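Next up, target-v6.cif (mmCIF, C-alpha atoms and all ligand atoms):
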```
data_my_file
loop_
_atom_site.group_PDB
_atom_site.id
_atom_site.type_symbol
_atom_site.label_atom_id
_atom_site.label_comp_id
_atom_site.auth_asym_id
_atom_site.auth_seq_id
_atom_site.Cartn_x
_atom_site.Cartn_y
_atom_site.Cartn_z
ATOM 1 C CA MET E 399 99.788 -66.681 -134.224
ATOM 2 C CA GLU E 400 99.953 -68.515 -137.499
ATOM 3 C CA GLY E 401 96.789 -68.350 -139.593
ATOM 4 C CA VAL E 402 95.293 -65.564 -137.437
ATOM 5 C CA LYS E 403 95.260 -61.833 -138.235
ATOM 6 C CA HIS E 404 93.561 -60.463 -135.102
ATOM 7 C CA ILE E 405 92.962 -61.837 -131.630
ATOM 8 C CA VAL E 406 90.173 -60.554 -129.397
ATOM 9 C CA ALA E 407 89.764 -61.835 -125.837
ATOM 10 C CA VAL E 408 86.287 -61.861 -124.292
ATOM 11 C CA ALA E 409 86.413 -61.722 -120.510
ATOM 12 C CA SER E 410 84.164 -60.946 -117.603
ATOM 13 C CA GLY E 411 85.797 -61.037 -114.197
ATOM 14 C CA LYS E 412 82.704 -62.562 -112.614
ATOM 15 C CA GLY E 413 81.403 -65.961 -113.717
ATOM 16 C CA GLY E 414 77.922 -66.627 -115.037
ATOM 17 C CA VAL E 415 77.300 -63.196 -116.561
ATOM 18 C CA GLY E 416 76.891 -64.664 -120.033
ATOM 19 C CA LYS E 417 80.421 -64.292 -121.384
ATOM 20 C CA SER E 418 80.342 -67.579 -123.330
ATOM 21 C CA THR E 419 76.911 -66.790 -124.750
ATOM 22 C CA VAL E 420 78.130 -63.359 -125.832
ATOM 23 C CA THR E 421 81.371 -64.780 -127.302
ATOM 24 C CA ALA E 422 79.530 -67.370 -129.399
ATOM 25 C CA ASN E 423 77.037 -64.810 -130.712
ATOM 26 C CA LEU E 424 79.717 -62.179 -131.296
ATOM 27 C CA ALA E 425 81.898 -64.623 -133.244
ATOM 28 C CA LEU E 426 78.915 -65.650 -135.384
ATOM 29 C CA ALA E 427 77.946 -62.002 -135.895
ATOM 30 C CA MET E 428 81.488 -61.241 -137.057
ATOM 31 C CA ALA E 429 81.207 -64.126 -139.546
ATOM 32 C CA ALA E 430 77.871 -62.724 -140.727
ATOM 33 C CA GLU E 431 79.710 -59.438 -141.372
ATOM 34 C CA GLY E 432 81.815 -61.362 -143.889
ATOM 35 C CA TYR E 433 84.989 -62.121 -141.905
ATOM 36 C CA ARG E 434 86.715 -65.464 -141.410
ATOM 37 C CA VAL E 435 86.290 -66.204 -137.737
ATOM 38 C CA GLY E 436 87.549 -68.652 -135.127
ATOM 39 C CA LEU E 437 86.554 -69.240 -131.508
ATOM 40 C CA LEU E 438 88.937 -70.629 -128.912
ATOM 41 C CA ASP E 439 87.255 -71.803 -125.720
ATOM 42 C CA ALA E 440 89.846 -71.093 -123.036
ATOM 43 C CA ASP E 441 87.650 -72.318 -120.216
ATOM 44 C CA ILE E 442 89.616 -75.456 -119.498
ATOM 45 C CA TYR E 443 87.623 -76.576 -116.450
ATOM 46 C CA GLY E 444 84.153 -75.769 -117.765
ATOM 47 C CA PRO E 445 84.173 -75.537 -121.562
ATOM 48 C CA SER E 446 80.739 -74.643 -122.926
ATOM 49 C CA GLN E 447 81.325 -73.661 -126.545
ATOM 50 C CA ALA E 448 80.893 -77.192 -127.916
ATOM 51 C CA GLN E 449 77.307 -77.259 -126.708
ATOM 52 C CA MET E 450 76.599 -73.649 -127.683
ATOM 53 C CA LEU E 451 77.882 -74.265 -131.199
ATOM 54 C CA GLY E 452 75.980 -77.534 -131.518
ATOM 55 C CA ILE E 453 79.082 -79.743 -131.749
ATOM 56 C CA GLY E 454 78.104 -83.152 -130.402
ATOM 57 C CA GLU E 455 79.864 -84.868 -127.516
ATOM 58 C CA GLY E 456 82.715 -87.093 -128.632
ATOM 59 C CA VAL E 457 83.384 -85.273 -131.919
ATOM 60 C CA ARG E 458 87.164 -85.045 -132.188
ATOM 61 C CA PRO E 459 89.393 -82.802 -134.341
ATOM 62 C CA HIS E 460 91.540 -84.302 -137.106
ATOM 63 C CA GLN E 461 95.277 -84.281 -136.703
ATOM 64 C CA VAL E 462 97.188 -82.013 -139.090
ATOM 65 C CA GLY E 463 100.860 -82.797 -139.705
ATOM 66 C CA ASP E 464 102.868 -84.056 -136.747
ATOM 67 C CA ASN E 465 101.430 -82.151 -133.831
ATOM 68 C CA GLN E 466 98.506 -79.931 -134.811
ATOM 69 C CA PHE E 467 94.738 -80.272 -134.732
ATOM 70 C CA ALA E 468 92.309 -78.870 -137.269
ATOM 71 C CA PRO E 469 89.605 -76.784 -135.572
ATOM 72 C CA LEU E 470 86.041 -78.056 -135.873
ATOM 73 C CA GLN E 471 83.542 -76.224 -138.058
ATOM 74 C CA ALA E 472 80.222 -74.897 -136.742
ATOM 75 C CA HIS E 473 77.799 -72.456 -138.388
ATOM 76 C CA GLY E 474 80.610 -71.253 -140.666
ATOM 77 C CA ILE E 475 83.222 -70.556 -137.979
ATOM 78 C CA GLN E 476 86.232 -72.555 -136.759
ATOM 79 C CA ALA E 477 86.272 -73.691 -133.140
ATOM 80 C CA MET E 478 88.651 -75.301 -130.663
ATOM 81 C CA SER E 479 87.844 -76.315 -127.105
ATOM 82 C CA MET E 480 89.107 -78.616 -124.390
ATOM 83 C CA ALA E 481 85.742 -80.334 -124.829
ATOM 84 C CA PHE E 482 86.990 -81.684 -128.194
ATOM 85 C CA LEU E 483 90.090 -83.207 -126.619
ATOM 86 C CA VAL E 484 88.953 -84.798 -123.351
ATOM 87 C CA ASP E 485 85.894 -86.518 -121.933
ATOM 88 C CA ILE E 486 84.004 -83.560 -120.425
ATOM 89 C CA THR E 487 81.803 -85.767 -118.287
ATOM 90 C CA GLU E 488 84.921 -86.445 -116.181
ATOM 91 C CA PRO E 489 85.929 -83.617 -113.796
ATOM 92 C CA MET E 490 89.260 -81.996 -114.653
ATOM 93 C CA VAL E 491 91.336 -82.207 -111.492
ATOM 94 C CA TRP E 492 94.325 -80.159 -112.563
ATOM 95 C CA ARG E 493 96.614 -77.678 -110.873
ATOM 96 C CA GLY E 494 97.213 -74.196 -112.308
ATOM 97 C CA PRO E 495 100.392 -74.940 -114.288
ATOM 98 C CA MET E 496 98.706 -77.902 -116.008
ATOM 99 C CA VAL E 497 95.756 -75.729 -116.975
ATOM 100 C CA ALA E 498 98.059 -73.028 -118.325
ATOM 101 C CA GLY E 499 99.975 -75.754 -120.209
ATOM 102 C CA ALA E 500 96.806 -77.153 -121.765
ATOM 103 C CA PHE E 501 95.763 -73.659 -122.823
ATOM 104 C CA GLN E 502 99.153 -72.976 -124.333
ATOM 105 C CA GLN E 503 98.934 -76.243 -126.229
ATOM 106 C CA MET E 504 95.592 -75.224 -127.701
ATOM 107 C CA LEU E 505 97.121 -71.866 -128.671
ATOM 108 C CA ASN E 506 100.140 -73.479 -130.339
ATOM 109 C CA GLN E 507 98.673 -76.612 -131.807
ATOM 110 C CA THR E 508 95.478 -75.488 -133.493
ATOM 111 C CA ALA E 509 95.803 -75.192 -137.264
ATOM 112 C CA TRP E 510 93.576 -72.129 -137.781
ATOM 113 C CA ASP E 511 92.770 -71.644 -141.423
ATOM 114 C CA ASP E 512 93.330 -68.056 -142.513
ATOM 115 C CA LEU E 513 91.321 -66.244 -139.817
ATOM 116 C CA ASP E 514 90.564 -62.523 -139.790
ATOM 117 C CA TYR E 515 89.426 -62.692 -136.152
ATOM 118 C CA LEU E 516 90.004 -65.222 -133.417
ATOM 119 C CA PHE E 517 87.790 -64.726 -130.355
ATOM 120 C CA ILE E 518 89.026 -66.221 -127.111
ATOM 121 C CA ASP E 519 86.355 -67.100 -124.561
ATOM 122 C CA MET E 520 88.312 -66.515 -121.351
ATOM 123 C CA PRO E 521 87.530 -68.274 -118.076
ATOM 124 C CA PRO E 522 86.295 -65.988 -115.296
ATOM 125 C CA GLY E 523 88.869 -64.318 -113.050
ATOM 126 C CA THR E 524 92.369 -62.961 -113.436
ATOM 127 C CA GLY E 525 94.543 -66.053 -113.115
ATOM 128 C CA ASP E 526 96.951 -68.331 -114.981
ATOM 129 C CA ILE E 527 95.118 -68.451 -118.295
ATOM 130 C CA GLN E 528 94.875 -64.685 -118.515
ATOM 131 C CA LEU E 529 98.591 -64.305 -117.800
ATOM 132 C CA THR E 530 99.545 -67.045 -120.245
ATOM 133 C CA LEU E 531 97.512 -65.346 -122.948
ATOM 134 C CA ALA E 532 99.085 -61.949 -122.343
ATOM 135 C CA GLN E 533 102.573 -63.408 -122.307
ATOM 136 C CA LYS E 534 102.374 -65.788 -125.230
ATOM 137 C CA VAL E 535 100.349 -64.034 -127.907
ATOM 138 C CA GLU E 536 99.750 -60.509 -129.056
ATOM 139 C CA VAL E 537 96.124 -59.796 -128.239
ATOM 140 C CA ASP E 538 94.648 -56.946 -130.275
ATOM 141 C CA GLY E 539 91.965 -56.114 -127.758
ATOM 142 C CA ALA E 540 89.614 -57.286 -125.048
ATOM 143 C CA VAL E 541 85.843 -57.101 -124.770
ATOM 144 C CA ILE E 542 84.483 -57.102 -121.211
ATOM 145 C CA VAL E 543 81.098 -58.672 -120.541
ATOM 146 C CA THR E 544 79.150 -57.673 -117.453
ATOM 147 C CA THR E 545 75.635 -57.460 -116.123
ATOM 148 C CA PRO E 546 74.524 -54.099 -114.729
ATOM 149 C CA GLN E 547 74.700 -55.539 -111.190
ATOM 150 C CA ASP E 548 77.168 -53.911 -108.755
ATOM 151 C CA ILE E 549 78.857 -57.194 -107.830
ATOM 152 C CA ALA E 550 79.457 -58.040 -111.508
ATOM 153 C CA LEU E 551 80.736 -54.527 -112.188
ATOM 154 C CA LEU E 552 83.219 -54.848 -109.354
ATOM 155 C CA ASP E 553 84.734 -57.927 -111.015
ATOM 156 C CA ALA E 554 84.526 -56.374 -114.475
ATOM 157 C CA ARG E 555 86.671 -53.521 -113.139
ATOM 158 C CA LYS E 556 89.302 -56.036 -112.049
ATOM 159 C CA GLY E 557 89.206 -57.529 -115.537
ATOM 160 C CA ILE E 558 89.739 -54.129 -117.131
ATOM 161 C CA GLU E 559 92.593 -53.299 -114.749
ATOM 162 C CA MET E 560 94.222 -56.651 -115.510
ATOM 163 C CA PHE E 561 94.160 -56.101 -119.276
ATOM 164 C CA ARG E 562 95.558 -52.612 -118.769
ATOM 165 C CA LYS E 563 98.410 -53.997 -116.698
ATOM 166 C CA VAL E 564 99.391 -56.393 -119.465
ATOM 167 C CA ASN E 565 98.974 -53.743 -122.181
ATOM 168 C CA VAL E 566 95.963 -55.252 -123.904
ATOM 169 C CA PRO E 567 93.626 -52.467 -125.074
ATOM 170 C CA VAL E 568 90.057 -52.742 -123.809
ATOM 171 C CA LEU E 569 87.800 -52.305 -126.834
ATOM 172 C CA GLY E 570 84.659 -51.838 -124.794
ATOM 173 C CA ILE E 571 81.932 -53.243 -122.591
ATOM 174 C CA VAL E 572 78.995 -55.482 -123.484
ATOM 175 C CA GLU E 573 76.207 -55.239 -120.933
ATOM 176 C CA ASN E 574 74.334 -58.541 -120.817
ATOM 177 C CA MET E 575 71.011 -59.231 -119.111
ATOM 178 C CA SER E 576 70.276 -55.495 -119.143
ATOM 179 C CA LEU E 577 66.519 -55.916 -119.114
ATOM 180 C CA HIS E 578 64.323 -58.924 -118.608
ATOM 181 C CA VAL E 579 61.752 -59.142 -121.383
ATOM 182 C CA CYS E 580 58.755 -61.333 -120.547
ATOM 183 C CA SER E 581 58.175 -63.801 -123.377
ATOM 184 C CA GLN E 582 54.416 -63.756 -122.598
ATOM 185 C CA CYS E 583 53.537 -60.078 -122.338
ATOM 186 C CA GLY E 584 56.725 -58.252 -123.384
ATOM 187 C CA HIS E 585 56.926 -56.426 -120.035
ATOM 188 C CA GLN E 586 60.463 -55.187 -119.390
ATOM 189 C CA GLU E 587 62.122 -55.230 -115.983
ATOM 190 C CA PRO E 588 65.744 -54.270 -115.081
ATOM 191 C CA ILE E 589 66.383 -57.251 -112.781
ATOM 192 C CA PHE E 590 70.097 -56.502 -112.348
ATOM 193 C CA GLY E 591 69.735 -52.718 -112.151
ATOM 194 C CA THR E 592 70.290 -50.054 -114.770
ATOM 195 C CA GLY E 593 73.122 -47.993 -116.165
ATOM 196 C CA GLY E 594 75.976 -50.173 -114.868
ATOM 197 C CA GLY E 595 77.579 -50.771 -118.262
ATOM 198 C CA GLU E 596 77.439 -47.090 -119.124
ATOM 199 C CA ARG E 597 78.952 -46.114 -115.752
ATOM 200 C CA ILE E 598 81.893 -48.477 -116.006
ATOM 201 C CA ALA E 599 82.513 -47.547 -119.648
ATOM 202 C CA SER E 600 82.722 -43.852 -118.831
ATOM 203 C CA GLN E 601 84.802 -44.467 -115.701
ATOM 204 C CA TYR E 602 87.425 -46.306 -117.776
ATOM 205 C CA GLU E 603 87.050 -44.071 -120.835
ATOM 206 C CA THR E 604 85.952 -46.929 -123.002
ATOM 207 C CA THR E 605 82.815 -47.658 -125.012
ATOM 208 C CA LEU E 606 79.554 -49.382 -124.172
ATOM 209 C CA LEU E 607 79.478 -51.591 -127.275
ATOM 210 C CA GLY E 608 75.974 -52.957 -126.788
ATOM 211 C CA GLN E 609 73.226 -54.043 -124.381
ATOM 212 C CA LEU E 610 71.525 -57.427 -124.564
ATOM 213 C CA PRO E 611 68.263 -58.398 -122.865
ATOM 214 C CA LEU E 612 67.818 -61.286 -120.456
ATOM 215 C CA SER E 613 65.549 -63.409 -122.570
ATOM 216 C CA LEU E 614 64.317 -66.957 -122.731
ATOM 217 C CA GLY E 615 65.159 -67.113 -126.444
ATOM 218 C CA ILE E 616 68.848 -66.255 -125.961
ATOM 219 C CA ARG E 617 69.174 -68.985 -123.326
ATOM 220 C CA GLU E 618 67.227 -71.640 -125.223
ATOM 221 C CA GLN E 619 68.988 -71.003 -128.525
ATOM 222 C CA ALA E 620 72.463 -71.123 -126.948
ATOM 223 C CA ASP E 621 71.618 -74.307 -125.049
ATOM 224 C CA GLY E 622 70.238 -75.786 -128.262
ATOM 225 C CA GLY E 623 73.500 -75.263 -130.152
ATOM 226 C CA LYS E 624 72.126 -72.537 -132.407
ATOM 227 C CA PRO E 625 72.902 -69.131 -130.868
ATOM 228 C CA THR E 626 70.449 -66.298 -131.540
ATOM 229 C CA VAL E 627 72.569 -64.707 -134.279
ATOM 230 C CA VAL E 628 72.111 -67.905 -136.308
ATOM 231 C CA ALA E 629 68.634 -68.859 -135.056
ATOM 232 C CA GLU E 630 67.075 -65.419 -135.631
ATOM 233 C CA PRO E 631 69.465 -63.516 -137.893
ATOM 234 C CA GLY E 632 66.929 -60.785 -138.630
ATOM 235 C CA GLY E 633 65.994 -60.164 -134.986
ATOM 236 C CA GLU E 634 66.929 -57.270 -132.740
ATOM 237 C CA VAL E 635 69.422 -59.307 -130.675
ATOM 238 C CA ALA E 636 71.297 -60.442 -133.803
ATOM 239 C CA GLN E 637 71.400 -56.843 -135.017
ATOM 240 C CA THR E 638 72.883 -55.725 -131.683
ATOM 241 C CA PHE E 639 75.601 -58.383 -131.974
ATOM 242 C CA ARG E 640 76.330 -57.296 -135.563
ATOM 243 C CA LYS E 641 76.701 -53.722 -134.288
ATOM 244 C CA VAL E 642 79.098 -54.920 -131.566
ATOM 245 C CA ALA E 643 81.081 -56.891 -134.176
ATOM 246 C CA ARG E 644 81.455 -53.792 -136.352
ATOM 247 C CA ALA E 645 82.562 -51.789 -133.314
ATOM 248 C CA VAL E 646 85.192 -54.458 -132.566
ATOM 249 C CA VAL E 647 86.540 -54.126 -136.116
ATOM 250 C CA GLU E 648 86.679 -50.344 -135.696
ATOM 251 C CA GLY E 649 88.380 -50.677 -132.315
ATOM 252 C CA VAL E 650 91.012 -53.106 -133.574
ATOM 253 C CA THR E 651 91.662 -50.966 -136.654
ATOM 254 C CA ALA E 652 92.048 -47.854 -134.483
ATOM 255 C CA GLN E 653 94.451 -49.658 -132.148
ATOM 256 C CA GLN E 654 96.527 -50.779 -135.111
ATOM 257 C CA ALA E 655 96.771 -47.239 -136.357
ATOM 258 C CA GLU E 656 98.222 -46.292 -132.963
ATOM 259 C CA GLY E 657 101.050 -48.819 -133.336
ATOM 260 C CA PRO E 658 101.895 -52.241 -131.932
ATOM 261 C CA ASN E 659 101.241 -53.228 -128.313
ATOM 262 C CA ILE E 660 104.118 -53.501 -125.951
ATOM 263 C CA SER E 661 104.152 -57.153 -124.984
ATOM 264 C CA PHE E 662 104.136 -58.081 -121.292
ATOM 265 C CA GLY E 663 107.242 -60.248 -121.840
ATOM 266 C CA ASP E 664 107.986 -63.800 -120.681
HETATM 267 N N1 LIG O 701 71.077 -62.607 -122.311
HETATM 268 C C1 LIG O 701 70.746 -63.779 -121.768
HETATM 269 N N2 LIG O 701 69.447 -64.129 -121.601
HETATM 270 C C2 LIG O 701 69.120 -65.310 -121.019
HETATM 271 N N3 LIG O 701 69.992 -66.213 -120.582
HETATM 272 C C3 LIG O 701 71.298 -65.907 -120.734
HETATM 273 C C4 LIG O 701 71.747 -64.703 -121.342
HETATM 274 N N4 LIG O 701 73.101 -64.705 -121.357
HETATM 275 C C5 LIG O 701 73.484 -65.869 -120.805
HETATM 276 N N5 LIG O 701 72.414 -66.589 -120.422
HETATM 277 C C6 LIG O 701 72.415 -67.889 -119.737
HETATM 278 O O1 LIG O 701 73.088 -67.690 -118.488
HETATM 279 C C7 LIG O 701 73.892 -68.824 -118.180
HETATM 280 C C8 LIG O 701 75.343 -68.405 -118.040
HETATM 281 O O2 LIG O 701 75.783 -67.970 -119.311
HETATM 282 P P1 LIG O 701 77.246 -68.270 -119.843
HETATM 283 O O3 LIG O 701 77.629 -69.695 -119.651
HETATM 284 O O4 LIG O 701 77.336 -67.668 -121.198
HETATM 285 O O5 LIG O 701 78.043 -67.359 -118.804
HETATM 286 P P2 LIG O 701 79.592 -67.289 -118.499
HETATM 287 O O6 LIG O 701 79.797 -65.919 -117.965
HETATM 288 O O7 LIG O 701 80.398 -67.667 -119.688
HETATM 289 O O8 LIG O 701 79.705 -68.383 -117.394
HETATM 290 P P3 LIG O 701 81.023 -69.117 -116.836
HETATM 291 O O9 LIG O 701 81.634 -68.100 -115.965
HETATM 292 O O10 LIG O 701 80.470 -70.267 -116.091
HETATM 293 O O11 LIG O 701 81.860 -69.498 -118.002
HETATM 294 C C9 LIG O 701 73.663 -69.811 -119.310
HETATM 295 O O12 LIG O 701 72.660 -70.709 -118.909
HETATM 296 C C10 LIG O 701 73.172 -68.953 -120.465
HETATM 297 O O13 LIG O 701 72.338 -69.659 -121.357
#
```

Kindly transcribe the structure held in the file into structure tokens.
Ligand SMILES: Nc1ncnc2c1ncn2[C@@H]1O[C@H](COP(=O)(O)OP(=O)(O)OP(=O)(O)O)[C@@H](O)[C@H]1O
Amino acid sequence: MEGVKHIVAVASGKGGVGKSTVTANLALAMAAEGYRVGLLDADIYGPSQAQMLGIGEGVRPHQVGDNQFAPLQAHGIQAMSMAFLVDITEPMVWRGPMVAGAFQQMLNQTAWDDLDYLFIDMPPGTGDIQLTLAQKVEVDGAVIVTTPQDIALLDARKGIEMFRKVNVPVLGIVENMSLHVCSQCGHQEPIFGTGGGERIASQYETTLLGQLPLSLGIREQADGGKPTVVAEPGGEVAQTFRKVARAVVEGVTAQQAEGPNISFGD
């Protein structure tokens, strides 16, 4: 892809496990590590990155040349989302091929400006968007987000298997909502169980990149358009995301040393 050195997909299998929250924080953490970063929100039906990055409703990208759009800027990263192109208060009643077409258009028509890393916030599942991505661009690696809960792990497994099938290396697992930390007393409780991320990582011979707590702060800061990495850059959560970002760089570099991916083909 023009203007992009490395592409990393962030996927989950199951919805609602915090993939978009993790993608936004991870992209911002990568920027804090000194890289030029972009974020493509591939959730066509339910884009959430505009709100998480604090980009107001109705803000539209500028046109570049004949048929490209300049990504919007937020907290030092470049971003593109369906939310910048349509009225998101209207439901998107589209069939699969239209969704895949819209995604492909965002892939082809965004004028990314000299990015080291482009993170793609994938929609949940293993459908059209995932296939389009694997067929149309060379993805350097995928990060899988899951909670430690069995039902989420089941779907995360499907996500891993899917990326393997299309020859996209899985860089590792991020376990979200690992422990609930009470904002009043600090008591910690493993609401979704324990050890799930570790189990799935070892089963698939990949790495557990990091574990994030279920915390009021993470939710409030993402909803408020200032994800934790930006809102509390010195905090433990931001440090975990920085660690994950460094591991992603290492993973991508290691994959490159092994040689190019075999593309899935058209
Ligand atoms: N670690 C966390 N602590 C507290 N709340 C969280 C955490 N991670 C995510 N959330 C909240 O959980 C909800 C779902 O998160 P998010 O939208 O990131 O998930 P998703 O997997 O991308 O969902 P979807 O499948 O709908 O795209 C959001 O309200 C978000 O603020």

Legend entry - Contacts with ligand LIG 701 (chain O) at most 8 Å, all atoms listed in the file counted, listed as a ChimeraX atom specification: /E:410,412-421,441,444-446,519-522,543,574-576,578,610-618,620-621

Legend entry - stretch 533-536 of chain E environment, 12 Å, only C-alpha atoms, sequence neighbours closer than 5 positions dropped, as a PyMOL selection string: chain E and resi 399-400+402-407+498-499+501-506+516+518+526-528+561+563-567+654+658-664

Inset, instruction - Could you jot down the atom CA of E:Val491 to atom CA of E:Gly523 separation for me, Å, one decimal place? - result: 18.1 Å

Legend entry - Long-range neighbours of E:Arg597 as a PyMOL selection string, 12 Å cut-off, all atoms listed in the file, 2 positions minimum in chain: chain E and resi 544-548+551-552+554-555+571+573+591-595+599-606

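Selection check: the PyMOL selection byres (((chain E and resi 634) around 12) and not hetatm) on the shown file gives E:Gly608, E:Gln609, E:Leu610, E:Pro611, E:Ser613, E:Gly615, E:Ile616, E:Thr626, E:Val627, E:Ala629, E:Glu630, E:Pro631, E:Gly632, E:Gly633, E:Val635, E:Ala636, E:Gln637, E:Thr638, E:Phe639, E:Arg640, E:Lys641.
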
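Going from atom CA of E:Gly570 over to atom CA of E:Val408, you cover 10.2 Å.
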
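With only C-alpha atoms as the atoms that count, the minimum distance from E:Ala540 to the choices E:Cys583, E:Ile442, E:Leu569, E:Leu451 is reached by E:Leu569.
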
Inset, instruction - Find, counting only C-alpha atoms, the residue in E:Val628, E:Ala477, E:Ile542, E:Ala645 that gets nearest to E:Ile598. - result: E:Ile542

Missing atoms in stretch 399-411 of chain E: fill them in up to N, CA and C atoms and send the result as an mmCIF file, in the coordinates of the input.
```
data_model
loop_
_atom_site.group_PDB
_atom_site.id
_atom_site.type_symbol
_atom_site.label_atom_id
_atom_site.label_comp_id
_atom_site.auth_asym_id
_atom_site.auth_seq_id
_atom_site.Cartn_x
_atom_site.Cartn_y
_atom_site.Cartn_z
ATOM 1 N N MET E 399 100.221 -65.291 -134.074
ATOM 2 C CA MET E 399 99.788 -66.681 -134.224
ATOM 3 C C MET E 399 99.569 -67.007 -135.689
ATOM 4 N N GLU E 400 100.063 -68.144 -136.100
ATOM 5 C CA GLU E 400 99.953 -68.515 -137.499
ATOM 6 C C GLU E 400 98.486 -68.705 -137.929
ATOM 7 N N GLY E 401 98.149 -68.179 -139.080
ATOM 8 C CA GLY E 401 96.789 -68.350 -139.593
ATOM 9 C C GLY E 401 95.767 -67.413 -138.971
ATOM 10 N N VAL E 402 96.232 -66.459 -138.130
ATOM 11 C CA VAL E 402 95.293 -65.564 -137.437
ATOM 12 C C VAL E 402 95.752 -64.114 -137.597
ATOM 13 N N LYS E 403 94.873 -63.257 -138.100
ATOM 14 C CA LYS E 403 95.260 -61.833 -138.235
ATOM 15 C C LYS E 403 95.053 -61.076 -136.930
ATOM 16 N N HIS E 404 93.862 -61.226 -136.317
ATOM 17 C CA HIS E 404 93.561 -60.463 -135.102
ATOM 18 C C HIS E 404 93.024 -61.360 -134.001
ATOM 19 N N ILE E 405 93.440 -61.059 -132.772
ATOM 20 C CA ILE E 405 92.962 -61.837 -131.630
ATOM 21 C C ILE E 405 92.197 -60.913 -130.686
ATOM 22 N N VAL E 406 91.000 -61.330 -130.330
ATOM 23 C CA VAL E 406 90.173 -60.554 -129.397
ATOM 24 C C VAL E 406 89.780 -61.460 -128.237
ATOM 25 N N ALA E 407 90.143 -61.055 -127.022
ATOM 26 C CA ALA E 407 89.764 -61.835 -125.837
ATOM 27 C C ALA E 407 88.425 -61.327 -125.319
ATOM 28 N N VAL E 408 87.556 -62.261 -124.909
ATOM 29 C CA VAL E 408 86.287 -61.861 -124.292
ATOM 30 C C VAL E 408 86.333 -62.342 -122.851
ATOM 31 N N ALA E 409 86.222 -61.393 -121.921
ATOM 32 C CA ALA E 409 86.413 -61.722 -120.510
ATOM 33 C C ALA E 409 85.327 -61.060 -119.672
ATOM 34 N N SER E 410 85.253 -61.501 -118.413
ATOM 35 C CA SER E 410 84.164 -60.946 -117.603
ATOM 36 C C SER E 410 84.575 -60.570 -116.182
ATOM 37 N N GLY E 411 85.582 -61.205 -115.636
ATOM 38 C CA GLY E 411 85.797 -61.037 -114.197
ATOM 39 C C GLY E 411 84.906 -62.016 -113.455
#
```
